[in-house]
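Single-structure report; data block below.
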Amino acid sequence: MTAVEKRKLISKIVLGLSSLSAALGLFFLFWILYVLVSNGLEALNWNVFVFEGAPPGYEESGLKQALVGQLILVGTASLIGVPLGVLAGTYLSEYGQKSKLAETIRDISDIMMSAPSIVIGAFVYAIIVAPMGHFSGWAGVAALAIMMIPIILRTTDDMLHLVPSTLREAAFALGAPKYKVIVQVVYRGAKAGVLTGILLGIARIAGETAPLLFTSFNDNFMNTDLNEPMASLTVTMYNYATSPYEDWQRLGWAAAFILSMFILGINILGRLILLKKKGK
């Protein structure tokens, strides 16, 4: 066997193994989606959206308190995390640049992005829940915001770096101050990428359970007061799915389906925004 034939044989073997691995991964992915969709759609009905949680055996039982609580927690965390993440990313790209402080912040951000969510939940428990003496929605919001900020920070930093420096120089040459250059030139050039990072950050925190177990805990009744324990779709799904009651297990499947479709929709929206930007 010549050297060329040997390289071709190795290439075919590697290609075959890679294709097999990809097919195996797709098989399990579609299997999971099939089980989720089939069980979720079967359990999904109008009662899920209009009724609160009820004891096992009651027909008028739903996920209203969990849906409302999830929206409040994720929405409030986004109101805190998005501005902080975008502003921090703007500082790194436009002011800090290659300074030691900026590089240190980038390193810490990378570490935070890979930190287990349960560790963040335990941290917030130690600094907020334990001193307060009780679980609360604010503690859950703090945990989710801490998880969101590094993602948006790094995405904003990277996207702003992609804006050509010639655009900044042209704006400066026209006499524009730095803040106007950032807002009216740099942000406009990177808005698709920054928006995609924000959507990915929201999708990241929307499916978290572990940090909420340590912070906002859960509530089987409707509650919109962030000073008290608050229901969330993820924790409710966990409690219902692991219960021995069939009607609660069905609600757990419904919660899993709703949450998965929400996260999938956000990710698809992010992809569409990027594709639209590339199309231009």
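Letters A, B, ... mark the chains of the structure tokens in the order given; residue numbers begin at 1 per chain; ligand numbers begin at 1, in order shown.
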
List the neighbours of stretch 159-170 of chain A out to 7 Å using only C-alpha atoms; skip same-chain residues closer than 4 positions along the sequence, and give me the result as a tab-separated table (two decimals) with N, CA and C atoms, in the first residue's frame.
```tsv
chain	number	residue	atom	x	y	z
A	93	SER	N	-14.58	46.58	25.72
A	93	SER	CA	-14.25	46.78	24.31
A	93	SER	C	-13.79	48.19	24.00
A	155	THR	N	-20.29	38.25	25.07
A	155	THR	CA	-20.86	38.40	23.73
A	155	THR	C	-20.78	39.85	23.27
A	174	LEU	N	-15.37	63.60	12.56
A	174	LEU	CA	-16.48	64.53	12.38
A	174	LEU	C	-16.77	65.32	13.66
A	181	VAL	N	-20.26	58.14	19.64
A	181	VAL	CA	-19.67	57.16	18.71
A	181	VAL	C	-20.09	55.75	19.12
A	186	VAL	N	-21.07	52.33	17.03
A	186	VAL	CA	-20.62	50.99	17.41
A	186	VAL	C	-21.81	50.08	17.73
A	189	GLY	N	-23.63	48.97	14.62
A	189	GLY	CA	-22.90	47.97	13.83
A	189	GLY	C	-22.91	46.59	14.45
A	190	ALA	N	-23.11	46.52	15.76
A	190	ALA	CA	-23.04	45.23	16.46
A	190	ALA	C	-24.38	44.81	17.06
A	193	GLY	N	-25.48	40.99	16.81
A	193	GLY	CA	-24.71	40.10	17.67
A	193	GLY	C	-25.01	40.30	19.14
A	194	VAL	N	-25.14	41.56	19.55
A	194	VAL	CA	-25.44	41.85	20.96
A	194	VAL	C	-26.82	41.31	21.33
```

Which neighbours of stretch 127-141 of chain A fall inside 12 Å, counting only C-alpha atoms, when residues of the same chain fewer than 5 positions from it are skipped, and could you give them as a ChimeraX atom specification? /A:69-81,117-118,120-122,146-148,205-206,208-219,223-232,235

Of the listed residues A:Thr90, A:Asp157, A:Leu63, A:Leu29, that which approaches A:Arg106 most closely, counting only C-alpha atoms: A:Asp157

Of the listed residues A:Ala142, A:Leu269, A:Ile263, A:Met237, that which approaches A:Ala192 most closely, counting only C-alpha atoms: A:Leu269

Can you work out the spacing between atom CA of A:Glu60 and atom CA of A:Asn47 in Å, to one decimal? 6.5 Å

Taking the DSSP assignment computed from this structure's backbone, write out as a PyMOL selection string all residues of stretch 147-262 of chain A that belong to helix (DSSP H, G or I). chain A and resi 147-161+165-173+178-206+210-214+233-241+246-262

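Shortest separation to A:Leu153 among A:Ile105, A:Val119, A:Ala22, A:Val124 occurs at residue A:Ile105, atoms counted being only C-alpha atoms.
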
Using only C-alpha atoms, can you tell me which of A:Lys100, A:Arg271, A:Lys178, A:Lys64 comes closest to A:Gly197?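 Answer, going by the shortest atom-to-atom distance: A:Arg271.
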